[in-house]
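These notes are about the structure you will find just below.
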Amino acid sequence: MLGFFATLRMTVVEGVFPHPVRVDTPSRDALSRSNGGRSLSVWHCFMPDGKTGKFTGLALKLNSQQALTRRAASSTLRSVETIELSGARLSIEQIEAVATGRAKAVLASGALDAVAASRRVIVDALAAGETLYGVNTGFGRLAATRIPPSSLAALQLNLVRSHACGLGAPLSISETRAAMLLRANTLALGYSGVRAEVIQQLLAMLDCGVHPLIPEKGSAGASGDLAPLAHMALTVIGEGEAFYGNERLNSAEALRRAGLRPLALEAKEGVALLNGTQAMAAVGALALHRAERAAALADAAGAMSLEALRGTPVPFDHRIQAVRPHAGQRKAAAHLLALLEKSEIRQSHLINDPRVQDAYSLRCMPQVHGAVRDVFDHARSIIEVESGSATDNPLVFANDGDVLSGGNFHGAPLAFAFDYSAIALVALASMSERRIARLIDPDRNEGLPAFLAAEPGVSSGFMIPHVVAVSLLNELKVLAHPASTDNLPTSGGQEDHVSMGMTAAVKLRTIVENVERILAIELLAGAEGLEYRAPLRAGRGVEALRSAVRSRAARLGEDRSLASDIERLATAIRSGEFEEFAGERGKW
């Protein structure tokens with residue numbers, strides 16, 4: 001059954017539902033049914049929600065003739081990407097694709113030999129009576145306690161049960177899927193001593209849409225993400241809770257509905273599932289993916305604000321960037337210039353403008369936005385290295401026959417990267433807030449109405465949206481305190497230095513969410529400011545961006561609540577609907 005789910009392809013139906021729909025492998029019974037010579041399949045489908053990251057379950061019935069006709073007529077059916085896992089590094093794009101159901105993962109056939117070889121080392125070592133940490137010993141401070149052969153299976157089972165002590169809200173479905181993918185990939189490296197069945201069970205759960213309920217609180221990032229990964233392991237063995245479709249069920253029932261069976265863990269396999277950084281890596285990777293989108297869109301939002309404020313593109317000249325050639329700075333400057341091409345507003349104040357320079361929030365966008373990009377590039381490299389790393393303990397080196405205890409589970413590399421990214425995001429949001437403040441300030445907004453109100457005094461315009469941006473920014477500044485600077489020893493002092501990487505990842509996600517909202521406010525304010533520059537038109541990219549904003553939010557005019565407009569734009573940013581404005585070669 002596992003091989004069946006791991007090898008059949010899936011399809012994505014686009015243009016039929018409001019979001020891409022992940023269509024899972026049908027059951028054997030469904031495959032065997034027919035209707036007038038045309039096979040009729042009943043599919044379990046999971047619709048990723050861009051706002052919540054959760055999947056909504058539904059049933060979709062298509063006979064093969066309908067599917068072929070629809071594909072030929074509108075090209076709305078296509079096979080999703082298949083990613084073969086061998087332990088090689090995964091890009092953030094690959095992680096995000098599997099997390100959102102746009103790609104499926106299978107175990108590469110070439111990985112089976114390495115997995116089997118490492119398993120043989122464990123089996124042989126146990127047969128020889130060797131002492132192996134976490135295999136026939138206790139854990140943490142109890143490492144010196146030897147476990148008899150008759151209790152080895154109970155040891156792994158108790159480990160999973162006892163460590164599944166997470167609290168709080170569950171991770172989103174996309175974050176859970178990313179964690180499952182990353183854990184399967186690190187096990188596929190062949191340094192963990194597990195059977196191939198453990199990896200196949202994780203991949204089958206991914207393929208069938210069985211998503212463990214993983215609470216986001218409880219990991220110190222020391223021996224990896226012990227509590228979160230224990231909750232994932234619970235579902236592997238048919239315990240705990242899981243989501244299947246749009247239902248929250250006990251794991252045994254979720255597996256049963258998907259046609260899967262609980263897996264009985266053998267020696268070493270419990271600790272192999274728990275030791276690692278995959279929960280923090282999953283949350284952080286998806287947050288960083290969103291952060292990169294936000295950084296690119298910040299250029300576009302800033303360009304719109306610059307046009308509304310009748311600013312100058314001179315600081316973005318390539319010669320200025322060439323003499324301080326940071327990669328991110330050069331990229332941001334080129335992006336800004338592309339967005340501002342053919343600006344009538346710029347031409348209107350090109351001659352005899354008494355102003356010498358714009359404020360830093362406009363003039364220094366390449367330097368700040370670019371530095372943020374460079375931080376994200378570094379964080380991306382850390383995450384992608386981690387995605388193809390063995391983070392188990394102990395590690396099994398089949399070529400030498402050695403089983404070595406180490407500390408690859410420590411989350412410091414990721415924790416530092418997430419904290420660093422959080423600080424950079426606050427700078428990005430701070431620049432955006434300063435531009436919003438300038439747009440509404442009658443003393444500094446170059447003739448725009450006070451607070452961008454149609455009738456200042458009678459109307460408040462964007463006065464309170466700016467207050468909201470300030471409130472969000474304050475929260476960001478509090479959250480930007482590095483989690484990785486803290487340390488509280490655990491496990492009776494055996495684990496005496498912890499990373500707090502999961503804390504760093506979760507708060508990075510919250511920071512990204514607030515940044516998306518601040519940028520949404522700037523987009524609304526910038527678009528409103530441009531209305532008062534008509535009939536002059538902004539640069540081509542800025543005009544296209546204004547149209548994209550206006551398709552989601554009307555001009556303010558008379559006062560109304562802008563809360564829903566802000567959230568609608570933030571959701572669009574989050575789901576990638578402004579992707580065309582992310583690069584200097586946009587479609588505008």
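Naming scheme: A, B, ... for chains in displayed order of the structure tokens; residues 1 onward per chain; ligands 1 onward as shown.
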Would you tabulate, counting only C-alpha atoms, all residues of range 247-311 of chain A that have an atom at most 7 Å from an atom of range 361-370 of chain A, showing the closest pair of atoms and their distance in Å to one decimal, sorted by chain then ascending number, as CSV?
```
residue,atom,partner,partner_atom,distance
A:Ala295,CA,A:His369,CA,6.6
A:Gly302,CA,A:Leu362,CA,7.0
A:Leu306,CA,A:Leu362,CA,6.3
```
Do you have, as CSV, the list of residues of range 376-398 of chain A lying at most 9 Å from range 223-235 of chain A, each with its nearest atom pair and that distance in Å to one decimal, counting only C-alpha atoms and ordered by chain then number?
```
residue,atom,partner,partner_atom,distance
A:Thr391,CA,A:Gly224,CA,7.9
A:Asp392,CA,A:Gly224,CA,8.5
A:Asn393,CA,A:Ser223,CA,8.4
```
As JSON, numbers by chain, please: every residue in range 221-469 of chain A that DSSP puts in alpha helix (DSSP H).
{"A": [226, 227, 228, 229, 230, 231, 232, 233, 234, 235, 236, 251, 252, 253, 254, 255, 256, 257, 269, 270, 271, 272, 273, 274, 278, 279, 280, 281, 282, 283, 284, 285, 286, 287, 288, 289, 290, 291, 292, 293, 294, 295, 296, 297, 298, 299, 300, 301, 302, 303, 304, 305, 306, 307, 308, 318, 319, 320, 321, 322, 327, 328, 329, 330, 331, 332, 333, 334, 335, 336, 337, 338, 339, 344, 345, 346, 347, 348, 360, 361, 362, 363, 365, 366, 367, 368, 369, 370, 371, 372, 373, 374, 375, 376, 377, 378, 379, 380, 381, 382, 383, 384, 385, 386, 387, 412, 413, 414, 415, 416, 417, 418, 419, 420, 421, 422, 423, 424, 425, 426, 427, 428, 429, 430, 431, 432, 433, 434, 435, 436, 437, 438, 439, 440, 463, 464, 465, 466, 467, 468, 469]}
Can you tell me which residues surround Pro394 in chain A at a distance of at most 7 Å, considering only C-alpha atoms, apart from same-chain residues fewer than 6 positions away, and format the answer as number ranges by chain?
A: 133, 403-406
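Minimum atom-to-atom distances from A:Asn136, A:Ser91, A:Ser343, A:Asn185 to Ala303 in chain A were compared using only C-alpha atoms, and the lowest value belongs to A:Ser343.
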For range 178-182 of chain A, list every protein, DNA or RNA residue within 6 Å, evaluated using only C-alpha atoms, and leave out those in the same chain fewer than 2 positions away; present the list as a short mmCIF file (atom, residue, chain, number, x, y, z; two decimals) with N, CA and C atoms, in the first residue's frame.
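As a result, selection06.cif now contains:
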```cif
data_model
loop_
_atom_site.label_atom_id
_atom_site.label_comp_id
_atom_site.auth_asym_id
_atom_site.auth_seq_id
_atom_site.Cartn_x
_atom_site.Cartn_y
_atom_site.Cartn_z
N ALA A 99 4.87 21.78 0.51
CA ALA A 99 4.08 22.26 1.65
C ALA A 99 2.69 22.70 1.24
N GLU A 175 3.00 24.18 7.11
CA GLU A 175 4.19 24.03 7.95
C GLU A 175 4.39 22.58 8.35
N THR A 176 3.29 21.90 8.66
CA THR A 176 3.38 20.47 9.02
C THR A 176 3.90 19.65 7.85
N ALA A 184 11.67 13.37 6.30
CA ALA A 184 11.85 12.25 5.38
C ALA A 184 13.16 12.40 4.60
N ASN A 185 13.47 13.62 4.21
CA ASN A 185 14.68 13.82 3.41
C ASN A 185 15.95 13.56 4.21
N GLN A 278 13.83 19.82 12.06
CA GLN A 278 12.93 19.96 10.92
C GLN A 278 11.68 20.80 11.21
N ALA A 279 11.23 20.88 12.45
CA ALA A 279 10.07 21.73 12.74
C ALA A 279 10.45 23.20 12.61
N ALA A 282 11.10 24.03 8.98
CA ALA A 282 9.87 24.13 8.19
C ALA A 282 9.20 25.49 8.39
#
```
Could you check the closest approach to Met431 in chain A for each of A:Asp565, A:Glu495, A:Glu341, A:Asp299 and tell me which residue wins, using only C-alpha atoms?
A:Asp299
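CA of Ala204 in chain A lies 19.0 Å from CA of Ala116 in chain A.
Neighbours of range 292-294 of chain A closer than or equal to 10 Å, with only C-alpha atoms counted and sequence neighbours fewer than 6 positions away skipped, come out as A:Ala300, A:Ala301, A:Val372, A:Arg373, A:Phe376, A:Asp377, A:Arg380, A:Leu425, A:Leu428, A:Ala429, A:Val512, A:Glu513, A:Val515, A:Glu516, A:Leu519, A:Ala570, A:Ile573, A:Arg574, A:Ser575, A:Gly576, A:Phe578, A:Glu579, A:Phe581, A:Ala582.
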Could you turn the residues from that selection into a file that holds N, CA and C atoms, as a tab-separated table (two decimals), in the first residue's frame?
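Written file, again-v6.tsv:
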```tsv
chain	number	residue	atom	x	y	z
A	300	ALA	N	8.52	48.00	-4.77
A	300	ALA	CA	7.41	48.51	-5.56
A	300	ALA	C	6.56	49.49	-4.76
A	301	ALA	N	6.28	49.15	-3.50
A	301	ALA	CA	5.52	50.07	-2.66
A	301	ALA	C	6.28	51.38	-2.47
A	372	VAL	N	18.54	44.07	3.34
A	372	VAL	CA	17.56	43.06	3.76
A	372	VAL	C	17.63	41.85	2.83
A	373	ARG	N	17.70	42.11	1.54
A	373	ARG	CA	17.84	41.01	0.57
A	373	ARG	C	19.08	40.16	0.88
A	376	PHE	N	18.50	37.88	3.74
A	376	PHE	CA	17.64	36.75	3.37
A	376	PHE	C	18.40	35.73	2.52
A	377	ASP	N	19.29	36.21	1.67
A	377	ASP	CA	20.09	35.27	0.87
A	377	ASP	C	20.94	34.39	1.78
A	380	ARG	N	18.65	31.94	3.56
A	380	ARG	CA	18.24	30.91	2.61
A	380	ARG	C	19.32	29.84	2.49
A	425	LEU	N	13.80	42.42	8.80
A	425	LEU	CA	12.41	42.71	8.46
A	425	LEU	C	11.90	43.94	9.19
A	428	LEU	N	12.92	46.90	7.28
A	428	LEU	CA	12.10	47.04	6.08
A	428	LEU	C	10.76	47.68	6.43
A	429	ALA	N	10.14	47.20	7.51
A	429	ALA	CA	8.85	47.73	7.93
A	429	ALA	C	8.98	49.17	8.42
A	512	VAL	N	6.71	38.51	9.79
A	512	VAL	CA	6.40	38.57	8.37
A	512	VAL	C	4.94	38.96	8.16
A	513	GLU	N	4.06	38.39	8.95
A	513	GLU	CA	2.63	38.68	8.82
A	513	GLU	C	2.36	40.16	9.05
A	515	VAL	N	4.56	42.61	8.68
A	515	VAL	CA	5.18	43.36	7.58
A	515	VAL	C	4.27	43.37	6.36
A	516	GLU	N	3.66	42.25	6.07
A	516	GLU	CA	2.72	42.20	4.94
A	516	GLU	C	1.59	43.20	5.12
A	519	LEU	N	2.99	46.82	4.60
A	519	LEU	CA	3.15	47.07	3.17
A	519	LEU	C	1.80	47.27	2.49
A	570	ALA	N	-3.04	42.34	2.20
A	570	ALA	CA	-2.03	41.54	2.90
A	570	ALA	C	-2.14	40.08	2.49
A	573	ILE	N	-0.62	39.72	-0.93
A	573	ILE	CA	0.84	39.71	-0.82
A	573	ILE	C	1.32	38.34	-0.38
A	574	ARG	N	0.65	37.78	0.65
A	574	ARG	CA	1.03	36.51	1.24
A	574	ARG	C	0.93	35.37	0.23
A	575	SER	N	-0.07	35.43	-0.62
A	575	SER	CA	-0.30	34.34	-1.55
A	575	SER	C	0.43	34.50	-2.88
A	576	GLY	N	1.23	35.57	-3.00
A	576	GLY	CA	2.04	35.74	-4.20
A	576	GLY	C	1.34	36.42	-5.35
A	578	PHE	N	1.15	39.46	-6.03
A	578	PHE	CA	1.91	40.61	-6.52
A	578	PHE	C	3.29	40.18	-7.05
A	579	GLU	N	3.41	38.90	-7.37
A	579	GLU	CA	4.70	38.35	-7.78
A	579	GLU	C	5.28	39.06	-9.00
A	581	PHE	N	5.53	42.01	-9.64
A	581	PHE	CA	6.24	43.24	-9.29
A	581	PHE	C	7.51	42.96	-8.50
A	582	ALA	N	7.90	41.69	-8.43
A	582	ALA	CA	9.04	41.31	-7.61
A	582	ALA	C	10.38	41.48	-8.32
```
Near Asn250 in chain A, within 6 Å and counting only C-alpha atoms, which residues show up once chain neighbours fewer than 6 positions away are dropped, as a list in words?
Gly240, Glu241 and Ala242 of chain A
Using N, CA, C and O atoms, can you export the residues from the last selection as a short mmCIF file (atom, residue, chain, number, x, y, z; two decimals), in the first residue's frame?
```cif
data_model
loop_
_atom_site.label_atom_id
_atom_site.label_comp_id
_atom_site.auth_asym_id
_atom_site.auth_seq_id
_atom_site.Cartn_x
_atom_site.Cartn_y
_atom_site.Cartn_z
N GLY A 240 -2.10 9.95 19.00
CA GLY A 240 -2.23 11.40 18.91
C GLY A 240 -3.35 11.80 17.97
O GLY A 240 -4.27 11.03 17.70
N GLU A 241 -3.25 13.02 17.44
CA GLU A 241 -4.29 13.55 16.56
C GLU A 241 -3.69 13.97 15.23
O GLU A 241 -2.50 14.25 15.11
N ALA A 242 -4.56 14.03 14.22
CA ALA A 242 -4.14 14.44 12.89
C ALA A 242 -5.31 15.11 12.19
O ALA A 242 -6.47 14.97 12.58
#
```
